[in-house]
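Data from start-v6.cif: mmCIF, C-alpha atoms and all ligand atoms
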```cif
data_my_file
#
loop_
_atom_site.label_atom_id
_atom_site.label_comp_id
_atom_site.auth_asym_id
_atom_site.auth_seq_id
_atom_site.Cartn_x
_atom_site.Cartn_y
_atom_site.Cartn_z
CA MET O 265 -2.32 16.71 -28.74
CA LYS O 266 -3.72 15.65 -25.39
CA LYS O 267 -3.42 17.18 -21.96
CA ILE O 268 -3.18 14.77 -19.03
CA VAL O 269 -3.33 15.39 -15.31
CA VAL O 270 -1.75 12.89 -12.92
CA SER O 271 -1.93 12.59 -9.14
CA THR O 272 -0.68 10.38 -6.31
CA GLY O 273 -3.08 9.63 -3.45
CA GLY O 274 -3.18 7.60 -0.22
CA GLY O 275 -0.11 6.35 1.64
CA ASP O 276 3.16 6.69 -0.26
CA ALA O 277 4.84 3.60 -1.69
CA PRO O 278 8.20 3.03 -3.38
CA GLY O 279 7.72 3.36 -7.15
CA LEU O 280 5.34 6.35 -7.25
CA ASN O 281 8.01 8.53 -8.86
CA ALA O 282 8.79 5.88 -11.46
CA VAL O 283 5.10 5.80 -12.47
CA ILE O 284 5.08 9.61 -12.78
CA ARG O 285 8.19 9.45 -14.98
CA GLY O 286 6.62 6.74 -17.13
CA VAL O 287 3.48 8.84 -17.60
CA VAL O 288 5.35 12.07 -18.36
CA LEU O 289 7.93 10.69 -20.78
CA SER O 290 5.52 8.52 -22.74
CA ALA O 291 3.08 11.44 -23.03
CA ILE O 292 5.87 13.76 -24.20
CA GLN O 293 6.90 11.13 -26.80
CA ARG O 294 3.40 11.52 -28.25
CA GLY O 295 3.63 15.31 -28.24
CA TRP O 296 1.20 15.56 -25.31
CA GLU O 297 1.35 17.70 -22.20
CA VAL O 298 1.24 16.54 -18.56
CA TYR O 299 0.31 18.37 -15.36
CA GLY O 300 0.60 17.06 -11.84
CA SER O 301 -2.09 17.63 -9.25
CA ARG O 302 -0.24 17.90 -5.94
CA PHE O 303 -1.53 16.05 -2.86
CA GLY O 304 -4.11 13.93 -4.63
CA TYR O 305 -6.92 16.04 -6.09
CA ARG O 306 -5.79 19.30 -4.48
CA GLY O 307 -4.49 20.70 -7.79
CA LEU O 308 -7.95 20.32 -9.30
CA ILE O 309 -9.51 22.17 -6.37
CA ASP O 310 -6.85 24.88 -5.99
CA SER O 311 -4.79 25.61 -9.11
CA ASP O 312 -1.82 26.72 -6.98
CA TYR O 313 -1.28 22.99 -6.54
CA LEU O 314 -1.22 22.24 -10.26
CA VAL O 315 2.29 21.85 -11.71
CA HIS O 316 3.45 21.46 -15.28
CA LEU O 317 5.55 18.31 -15.62
CA ASP O 318 8.26 18.36 -18.26
CA ARG O 319 11.36 16.23 -18.86
CA ASP O 320 13.39 18.14 -16.27
CA LYS O 321 10.83 17.57 -13.53
CA VAL O 322 11.04 13.78 -13.91
CA ARG O 323 14.79 13.51 -14.45
CA GLY O 324 16.59 11.18 -12.01
CA ILE O 325 13.52 10.18 -10.02
CA THR O 326 13.01 6.52 -11.01
CA HIS O 327 14.95 5.27 -7.99
CA LEU O 328 13.54 7.73 -5.46
CA GLY O 329 11.00 6.80 -2.79
CA GLY O 330 8.12 9.10 -1.89
CA THR O 331 6.42 11.18 -4.59
CA ILE O 332 7.44 14.47 -6.20
CA LEU O 333 3.72 15.36 -6.22
CA GLY O 334 3.09 14.81 -2.52
CA THR O 335 0.23 12.65 -1.33
CA THR O 336 -2.53 12.56 1.25
CA ASN O 337 -5.03 10.11 2.64
CA LYS O 338 -7.34 12.96 3.65
CA GLY O 339 -8.03 14.41 0.21
CA ASP O 340 -11.27 12.77 -0.93
CA PRO O 341 -12.97 15.57 -2.95
CA PHE O 342 -16.39 14.12 -2.00
CA GLN O 343 -15.54 14.72 1.67
CA TYR O 344 -12.89 17.38 1.39
CA PRO O 345 -11.49 18.94 4.60
CA VAL O 346 -12.07 22.69 4.56
CA LYS O 347 -10.88 25.06 7.30
CA THR O 348 -13.67 27.05 8.89
CA ARG O 349 -13.85 29.33 11.94
CA ASP O 350 -14.83 26.30 14.05
CA GLY O 351 -12.02 24.06 12.81
CA PHE O 352 -12.11 21.66 9.88
CA GLN O 353 -15.31 20.56 8.15
CA THR O 354 -15.84 18.34 5.14
CA MET O 355 -17.39 19.64 1.93
CA ASP O 356 -18.26 18.00 -1.37
CA MET O 357 -15.78 19.56 -3.81
CA SER O 358 -16.41 17.09 -6.64
CA ASP O 359 -18.15 19.73 -8.81
CA LYS O 360 -15.14 21.99 -8.48
CA VAL O 361 -12.87 19.13 -9.61
CA LEU O 362 -15.06 18.51 -12.65
CA GLN O 363 -15.25 22.22 -13.52
CA ASN O 364 -11.49 22.75 -13.18
CA PHE O 365 -10.75 19.62 -15.20
CA LYS O 366 -12.76 21.17 -18.06
CA ARG O 367 -11.51 24.72 -17.48
CA PHE O 368 -7.86 23.64 -17.82
CA GLY O 369 -8.69 21.62 -20.94
CA PHE O 370 -7.62 18.21 -19.64
CA ASP O 371 -8.42 15.08 -21.63
CA ALA O 372 -7.56 12.42 -19.04
CA PHE O 373 -6.94 11.96 -15.35
CA ILE O 374 -4.42 9.35 -14.20
CA SER O 375 -4.94 8.48 -10.56
CA ILE O 376 -2.11 6.56 -8.91
CA GLY O 377 -3.29 5.11 -5.61
CA GLY O 378 -4.70 2.29 -3.54
CA ASP O 379 -8.25 1.08 -2.96
CA GLY O 380 -9.39 4.49 -1.64
CA SER O 381 -8.11 6.29 -4.76
CA MET O 382 -9.66 3.67 -7.06
CA ARG O 383 -13.02 4.11 -5.28
CA ILE O 384 -12.87 7.89 -5.66
CA GLY O 385 -11.79 7.45 -9.30
CA HIS O 386 -14.80 5.22 -9.90
CA LYS O 387 -17.16 7.83 -8.42
CA PHE O 388 -15.69 10.47 -10.74
CA LEU O 389 -15.97 8.10 -13.68
CA GLU O 390 -19.71 7.91 -13.03
CA LEU O 391 -19.78 11.72 -13.12
CA GLY O 392 -18.13 11.66 -16.54
CA LEU O 393 -14.44 12.17 -15.69
CA PRO O 394 -12.14 10.17 -18.01
CA VAL O 395 -10.13 8.37 -15.32
CA ILE O 396 -7.41 5.75 -15.52
CA GLY O 397 -6.19 4.08 -12.34
CA VAL O 398 -2.70 2.85 -11.46
CA PRO O 399 -2.63 0.41 -8.51
CA LYS O 400 -0.28 1.23 -5.67
CA THR O 401 -0.01 -0.23 -2.19
CA ILE O 402 2.70 -1.88 -0.17
CA ASP O 403 -0.04 -4.08 1.32
CA ASN O 404 -0.71 -5.70 -2.11
CA ASP O 405 -4.40 -5.94 -1.25
CA LEU O 406 -5.90 -4.58 -4.49
CA CYS O 407 -7.73 -7.27 -6.41
CA ASN O 408 -7.57 -8.05 -10.12
CA THR O 409 -3.89 -7.27 -10.42
CA VAL O 410 -1.35 -9.98 -9.62
CA ILE O 411 0.69 -7.44 -7.70
CA THR O 412 0.86 -3.73 -6.90
CA PHE O 413 4.09 -1.76 -7.07
CA GLY O 414 5.64 -0.95 -3.69
CA PHE O 415 4.93 -4.39 -2.30
CA ASP O 416 8.20 -6.00 -3.41
CA THR O 417 10.23 -3.19 -1.82
CA ALA O 418 8.27 -3.43 1.44
CA VAL O 419 8.79 -7.20 1.57
CA THR O 420 12.50 -6.75 0.85
CA THR O 421 12.81 -4.21 3.68
CA ALA O 422 10.98 -6.52 6.08
CA THR O 423 13.07 -9.54 5.03
CA GLU O 424 16.32 -7.62 5.56
CA ALA O 425 15.13 -6.51 8.99
CA LEU O 426 14.24 -10.09 9.97
CA ASP O 427 17.64 -11.31 8.75
CA LYS O 428 19.35 -8.73 10.96
CA LEU O 429 17.22 -9.57 13.99
CA HIS O 430 18.20 -13.24 13.80
CA SER O 431 21.66 -12.52 15.18
CA THR O 432 20.38 -10.69 18.28
CA ALA O 433 17.69 -13.31 18.83
CA GLU O 434 20.29 -16.08 18.67
CA ALA O 435 22.99 -14.26 20.65
CA HIS O 436 20.60 -13.51 23.53
CA GLU O 437 18.44 -16.61 23.15
CA ARG O 438 15.43 -14.34 22.86
CA ILE O 439 12.14 -14.29 21.02
CA MET O 440 12.01 -11.29 18.68
CA VAL O 441 8.49 -10.28 17.67
CA VAL O 442 8.37 -8.07 14.60
CA GLU O 443 5.21 -6.16 13.63
CA VAL O 444 4.97 -5.42 9.92
CA MET O 445 2.34 -3.55 7.91
CA GLY O 446 -0.71 -5.28 6.53
CA ARG O 447 -4.04 -3.91 7.66
CA TYR O 448 -6.43 -6.56 6.32
CA ALA O 449 -4.06 -8.69 4.24
CA GLY O 450 -0.99 -10.51 5.50
CA TRP O 451 1.03 -10.53 2.29
CA ILE O 452 4.03 -8.64 3.69
CA ALA O 453 4.18 -10.78 6.85
CA LEU O 454 3.78 -14.02 4.92
CA ASN O 455 6.28 -13.34 2.14
CA SER O 456 8.96 -11.79 4.36
CA GLY O 457 8.43 -14.33 7.14
CA VAL O 458 8.83 -17.35 4.85
CA SER O 459 11.81 -15.78 3.07
CA ALA O 460 13.58 -14.89 6.32
CA THR O 461 12.85 -18.27 7.97
CA ALA O 462 10.59 -16.97 10.72
CA ASP O 463 9.28 -19.55 13.20
CA VAL O 464 5.83 -18.05 13.53
CA ILE O 465 3.86 -15.84 11.10
CA LEU O 466 0.57 -14.28 12.19
CA ILE O 467 -1.67 -12.72 9.55
CA PRO O 468 -5.15 -11.11 9.67
CA GLU O 469 -6.63 -13.93 7.59
CA ILE O 470 -5.81 -16.58 10.24
CA PRO O 471 -6.90 -15.56 13.77
CA PHE O 472 -4.26 -17.01 16.06
CA ASP O 473 -4.18 -19.10 19.20
CA ILE O 474 -1.33 -17.86 21.41
CA GLU O 475 -1.00 -21.33 22.99
CA LYS O 476 -0.14 -22.75 19.54
CA VAL O 477 2.44 -20.02 19.06
CA CYS O 478 4.07 -20.81 22.41
CA GLN O 479 3.92 -24.54 21.74
CA LYS O 480 5.93 -24.04 18.55
CA LEU O 481 8.53 -21.91 20.33
CA MET O 482 8.85 -24.44 23.18
CA GLU O 483 9.27 -27.31 20.71
CA ARG O 484 12.22 -25.40 19.27
CA GLU O 485 13.57 -24.94 22.79
CA LEU O 486 13.51 -28.72 23.29
CA GLN O 487 15.54 -29.09 20.08
CA GLY O 488 18.13 -26.72 21.50
CA ARG O 489 17.00 -23.76 19.39
CA ARG O 490 16.53 -21.31 22.22
CA PHE O 491 15.60 -18.29 20.14
CA GLY O 492 12.75 -17.47 17.82
CA ILE O 493 11.48 -15.00 15.24
CA VAL O 494 7.78 -14.15 15.20
CA VAL O 495 6.36 -11.96 12.42
CA VAL O 496 3.00 -10.33 13.08
CA ALA O 497 0.97 -8.32 10.58
CA GLU O 498 -0.44 -5.16 12.20
CA GLY O 499 -3.97 -6.39 11.47
CA ALA O 500 -3.50 -9.86 13.02
CA MET O 501 -5.88 -10.77 15.81
CA PRO O 502 -6.34 -13.57 18.33
CA ARG O 503 -9.15 -16.07 17.84
CA GLY O 504 -12.38 -14.44 18.95
CA GLY O 505 -10.52 -11.15 19.47
CA GLN O 506 -10.15 -7.80 17.75
CA MET O 507 -7.49 -5.90 15.86
CA THR O 508 -5.16 -3.90 18.10
CA THR O 509 -5.42 -0.16 17.57
CA VAL O 510 -3.33 2.81 18.66
CA SER O 511 -6.34 5.08 18.23
CA SER O 512 -9.77 5.04 16.73
CA GLU O 513 -11.65 8.28 16.31
CA ILE O 514 -14.08 10.07 14.06
CA GLU O 515 -12.05 12.57 12.07
CA LEU O 516 -13.83 14.79 9.54
CA GLY O 517 -16.82 12.48 9.54
CA ARG O 518 -14.71 9.40 8.88
CA GLN O 519 -13.73 6.63 11.24
CA GLU O 520 -9.93 6.81 11.42
CA ILE O 521 -8.38 3.65 12.81
CA HIS O 522 -4.63 3.56 13.43
CA LEU O 523 -3.48 0.02 13.87
CA GLY O 524 -0.51 -0.90 16.00
CA GLY O 525 0.55 -2.69 19.15
CA ILE O 526 -0.24 -6.31 18.30
CA GLY O 527 3.49 -7.16 18.22
CA GLU O 528 4.01 -5.87 21.75
CA LYS O 529 0.93 -7.73 22.98
CA VAL O 530 2.09 -10.99 21.44
CA ALA O 531 5.58 -10.56 22.92
CA LEU O 532 4.11 -9.98 26.38
CA GLU O 533 1.88 -13.03 26.15
CA ILE O 534 4.72 -15.25 24.94
CA HIS O 535 6.82 -14.05 27.87
CA THR O 536 4.00 -14.69 30.34
CA ILE O 537 3.32 -18.20 29.06
CA THR O 538 6.87 -19.41 28.31
CA GLY O 539 8.97 -17.25 30.61
CA LYS O 540 11.23 -16.53 27.62
CA ASP O 541 12.96 -13.21 27.22
CA CYS O 542 11.01 -11.38 24.48
CA ARG O 543 11.46 -8.12 22.60
CA SER O 544 9.17 -6.53 20.08
CA LEU O 545 9.62 -3.90 17.43
CA VAL O 546 7.42 -2.22 14.85
CA LEU O 547 8.88 -1.73 11.36
CA GLY O 548 6.14 0.78 10.52
CA HIS O 549 6.73 3.35 7.81
CA LEU O 550 10.27 2.11 7.14
CA GLN O 551 8.47 -0.33 4.86
CA ARG O 552 7.04 2.50 2.77
CA GLY O 553 10.35 4.30 2.22
CA GLY O 554 13.60 3.95 0.35
CA CYS O 555 14.56 3.07 -3.19
CA PRO O 556 12.12 0.84 -5.02
CA THR O 557 13.55 -2.58 -5.87
CA THR O 558 14.31 -3.36 -9.53
CA PHE O 559 11.02 -5.27 -9.70
CA ASP O 560 9.01 -2.30 -8.40
CA ARG O 561 10.80 0.25 -10.59
CA LEU O 562 10.19 -1.76 -13.70
CA LEU O 563 6.58 -2.48 -12.79
CA ALA O 564 5.97 1.19 -11.96
CA LEU O 565 7.49 2.38 -15.25
CA ARG O 566 5.43 -0.21 -17.14
CA PHE O 567 2.26 0.87 -15.32
CA GLY O 568 2.93 4.56 -16.06
CA CYS O 569 3.57 3.96 -19.78
CA ALA O 570 0.58 1.58 -20.03
CA ALA O 571 -1.68 4.23 -18.48
CA VAL O 572 -0.73 6.63 -21.28
CA ARG O 573 -1.36 3.91 -23.88
CA PHE O 574 -4.81 3.43 -22.31
CA VAL O 575 -5.46 7.17 -22.76
CA GLU O 576 -4.45 6.82 -26.42
CA GLN O 577 -6.78 3.84 -26.82
CA GLY O 578 -9.62 5.57 -24.96
CA LYS O 579 -9.72 2.89 -22.25
CA PHE O 580 -11.12 5.22 -19.62
CA GLY O 581 -12.65 3.84 -16.45
CA HIS O 582 -9.96 1.16 -16.26
CA MET O 583 -7.06 0.39 -13.98
CA VAL O 584 -3.77 -0.87 -15.37
CA ALA O 585 -3.10 -4.32 -13.90
CA LEU O 586 -0.35 -6.92 -14.06
CA ASP O 587 -1.41 -10.21 -15.59
CA PRO O 588 2.01 -11.65 -16.50
CA PRO O 589 3.44 -11.22 -18.99
CA GLU O 590 0.87 -8.60 -19.99
CA ILE O 591 -0.45 -5.38 -18.55
CA LYS O 592 -4.20 -5.55 -18.90
CA ALA O 593 -7.09 -3.12 -18.44
CA VAL O 594 -9.40 -3.93 -15.51
CA PRO O 595 -12.67 -1.96 -15.16
CA LEU O 596 -12.39 0.26 -12.07
CA LYS O 597 -15.56 -1.30 -10.65
CA ASP O 598 -13.85 -4.72 -10.67
CA ALA O 599 -10.71 -3.30 -9.09
CA ILE O 600 -12.68 -2.16 -6.03
CA GLU O 601 -15.03 -5.12 -5.70
CA ARG O 602 -13.12 -6.71 -2.80
CA THR O 603 -9.91 -6.63 -0.80
CA LYS O 604 -7.33 -9.14 -2.02
CA LEU O 605 -6.71 -11.21 1.11
CA VAL O 606 -4.25 -14.10 1.33
CA PRO O 607 -6.26 -17.19 0.28
CA LEU O 608 -5.91 -19.93 2.86
CA ASP O 609 -4.97 -22.44 0.17
CA ASN O 610 -2.36 -20.04 -1.25
CA ASP O 611 0.86 -21.78 -2.26
CA THR O 612 3.03 -19.68 0.06
CA ILE O 613 0.74 -20.60 2.97
CA MET O 614 1.20 -24.27 2.05
CA THR O 615 4.95 -23.72 1.75
CA ALA O 616 5.02 -22.16 5.21
CA ARG O 617 3.19 -25.14 6.67
CA ASP O 618 5.46 -27.60 4.82
CA LEU O 619 8.47 -25.81 6.27
CA GLY O 620 7.06 -26.22 9.75
CA ILE O 621 6.34 -22.52 10.26
CA CYS O 622 3.52 -21.95 12.75
CA LEU O 623 0.68 -19.78 11.42
CA GLY O 624 -0.99 -19.56 14.81
CA ASP O 625 -3.74 -22.10 14.07
O1 LIG O 701 -2.00 0.94 3.19
C1 LIG O 701 -0.68 0.88 3.56
C2 LIG O 701 -0.50 1.12 5.01
O2 LIG O 701 0.87 1.06 5.11
C3 LIG O 701 -1.22 0.17 5.98
O3 LIG O 701 -0.59 -1.08 6.11
C4 LIG O 701 -1.18 0.96 7.25
O4 LIG O 701 -2.17 0.54 8.15
C5 LIG O 701 -1.44 2.33 6.74
O5 LIG O 701 -0.89 2.40 5.46
C6 LIG O 701 -0.86 3.42 7.63
O6 LIG O 701 -1.00 4.62 6.99
P1 LIG O 701 -0.70 6.05 7.63
O7 LIG O 701 0.18 5.87 8.81
O8 LIG O 701 -0.04 6.81 6.53
O9 LIG O 701 -2.02 6.62 7.98
#
```

Could you show the structure in this file as structure tokens?
Amino acid sequence: MKKIVVSTGGGDAPGLNAVIRGVVLSAIQRGWEVYGSRFGYRGLIDSDYLVHLDRDKVRGITHLGGTILGTTNKGDPFQYPVKTRDGFQTMDMSDKVLQNFKRFGFDAFISIGGDGSMRIGHKFLELGLPVIGVPKTIDNDLCNTVITFGFDTAVTTATEALDKLHSTAEAHERIMVVEVMGRYAGWIALNSGVSATADVILIPEIPFDIEKVCQKLMERELQGRRFGIVVVAEGAMPRGGQMTTVSSEIELGRQEIHLGGIGEKVALEIHTITGKDCRSLVLGHLQRGGCPTTFDRLLALRFGCAAVRFVEQGKFGHMVALDPPEIKAVPLKDAIERTKLVPLDNDTIMTARDLGICLGD
């Protein structure tokens, strides 16, 4: 009989609930018990946020977006925000997490999250916590797994949006500039842009030249195609330039950078250079919501069940990872070694170029 605690941390992504269901049901099958720590590690700091997860709690949640456990990207126990008389301060609560883990008699901690959660998990591993990671992010930028769950749904949402925008672009003979998520990696922009036949795709990995972008759109104009679709990842930047941010401030001792606005900038520049009517929109958190696609549901369920098998096999300090057709165990230290950017010789990049899509270079 084992007792597992599971949490979801960082930005939400479609498929989190399916992972939780996978963990809970496969643990119950083995006669084990599962608890959920709400809002990342909060349940291991304050037991009011620890919930027992039984069959009923995970019934009918496979297809639901969000997470029944809640999540936060401000819950690092090593820099935990604590309310004081002078506002919020950060405190190291890692000892409390370790003590409570023991006090409640847990045998394993399953941390579902992105690079931040895997980093925190690795720090706890070094302090002796038996951690298993499950990779989540719509950005698909975690290395050593072919894909993270949430990504396929985000790409599907972006592709559907681009499909819908085509009609307005064509009807009004406009350039529609669509900003999608992708902080350091342009996977969402690239995959949705190619699938939805965008004319231009701008990703963080390829700093762009706006003249090249306009040249492509004007070439189309000469062919009688008087409209265009431009997809821009939020982290894309012009050659020699910077990322565009909504705000950048020190919050609780951490540099918090909110990206946004590159789509609008690009639209304005295209208008200035070409004189074309341009509109921009930001898909934003729409890409993180909704029902996970079949691919993401299945992957999430597989990840959740594999995490419990790893507990059974004592594979602590590992992240479950997709290496088709298998789910393999990747040491947490390898999972956080780098950000998985789009390689410039990636096949989808080559496909985009072969299709005549401008990548801004
Ligand atoms: O990591 C996923 C992501 O969607 C990034 O692409 C984006 O920059 C970030 O989350 C925004 O997160 P939030 O608005 O929740 O702080």

Inset, instruction - Using all atoms listed in the file, find the one residue out of O:Met445, O:Ile465, O:Leu317, O:Met357 that sits nearest to ligand LIG 701 (chain O). - result: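 Smallest distance to ligand LIG 701 (chain O) is found for O:Met445.
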
Inset, instruction - List the neighbours of Leu545 of chain O out to 8 Å using only C-alpha atoms; skip same-chain residues closer than 4 positions along the sequence, and give me the result as a ChimeraX atom specification. - result: /O:440-443,527-528

Mind writing the picked residues with C-alpha atoms as a CSV table (one decimal), in the frame of the given file?
```csv
chain,number,residue,atom,x,y,z
O,440,MET,CA,12.0,-11.3,18.7
O,441,VAL,CA,8.5,-10.3,17.7
O,442,VAL,CA,8.4,-8.1,14.6
O,443,GLU,CA,5.2,-6.2,13.6
O,527,GLY,CA,3.5,-7.2,18.2
O,528,GLU,CA,4.0,-5.9,21.8
```

Inset, instruction - Please identify the residues whose atoms come within 6 Å of ligand LIG 701 (chain O), using all atoms listed in the file, and report them as a list of chain:residue names. - result: O:Gly275, O:Thr401, O:Ile402, O:Asp403, O:Met445, O:Gly446, O:Arg447, O:Leu523

Inset, instruction - Enter the distance from atom CA of Pro278 of chain O to atom CA of Ala460 of chain O, in Å, rounded to one decimal. - result: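 Computed distance, atom CA of Pro278 of chain O to atom CA of Ala460 of chain O, equals 21.1 Å.
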
Legend entry - For Cys622 of chain O: contacts at 9 Å, only C-alpha atoms, fewer than 3 positions along chain excluded, given as an MDAnalysis selection string: chainID O and resid 462:466 476:477 480 616:617 625

N, CA and C atoms for segment 458-471 of chain O, written as a tab-separated table (two decimals), in the coordinates of the input, could you do that?
```
chain	number	residue	atom	x	y	z
O	458	VAL	N	8.36	-16.09	5.46
O	458	VAL	CA	8.83	-17.35	4.85
O	458	VAL	C	10.25	-17.15	4.33
O	459	SER	N	10.49	-16.01	3.67
O	459	SER	CA	11.81	-15.78	3.07
O	459	SER	C	12.90	-15.66	4.12
O	460	ALA	N	12.55	-15.11	5.28
O	460	ALA	CA	13.58	-14.89	6.32
O	460	ALA	C	13.55	-15.99	7.39
O	461	THR	N	12.94	-17.11	7.07
O	461	THR	CA	12.85	-18.27	7.97
O	461	THR	C	12.36	-17.91	9.39
O	462	ALA	N	11.22	-17.25	9.43
O	462	ALA	CA	10.59	-16.97	10.72
O	462	ALA	C	10.05	-18.29	11.27
O	463	ASP	N	9.83	-18.34	12.57
O	463	ASP	CA	9.28	-19.55	13.20
O	463	ASP	C	7.77	-19.48	13.28
O	464	VAL	N	7.27	-18.26	13.42
O	464	VAL	CA	5.83	-18.05	13.53
O	464	VAL	C	5.45	-16.85	12.65
O	465	ILE	N	4.36	-16.97	11.90
O	465	ILE	CA	3.86	-15.84	11.10
O	465	ILE	C	2.37	-15.70	11.41
O	466	LEU	N	1.98	-14.50	11.85
O	466	LEU	CA	0.57	-14.28	12.19
O	466	LEU	C	-0.01	-13.24	11.24
O	467	ILE	N	-1.08	-13.61	10.56
O	467	ILE	CA	-1.67	-12.72	9.55
O	467	ILE	C	-3.17	-12.50	9.85
O	468	PRO	N	-3.74	-11.39	9.36
O	468	PRO	CA	-5.15	-11.11	9.67
O	468	PRO	C	-6.10	-12.21	9.21
O	469	GLU	N	-5.73	-12.93	8.16
O	469	GLU	CA	-6.63	-13.93	7.59
O	469	GLU	C	-6.75	-15.17	8.47
O	470	ILE	N	-5.78	-15.39	9.38
O	470	ILE	CA	-5.81	-16.58	10.24
O	470	ILE	C	-5.76	-16.12	11.71
O	471	PRO	N	-6.92	-15.94	12.35
O	471	PRO	CA	-6.90	-15.56	13.77
O	471	PRO	C	-6.08	-16.59	14.54
```
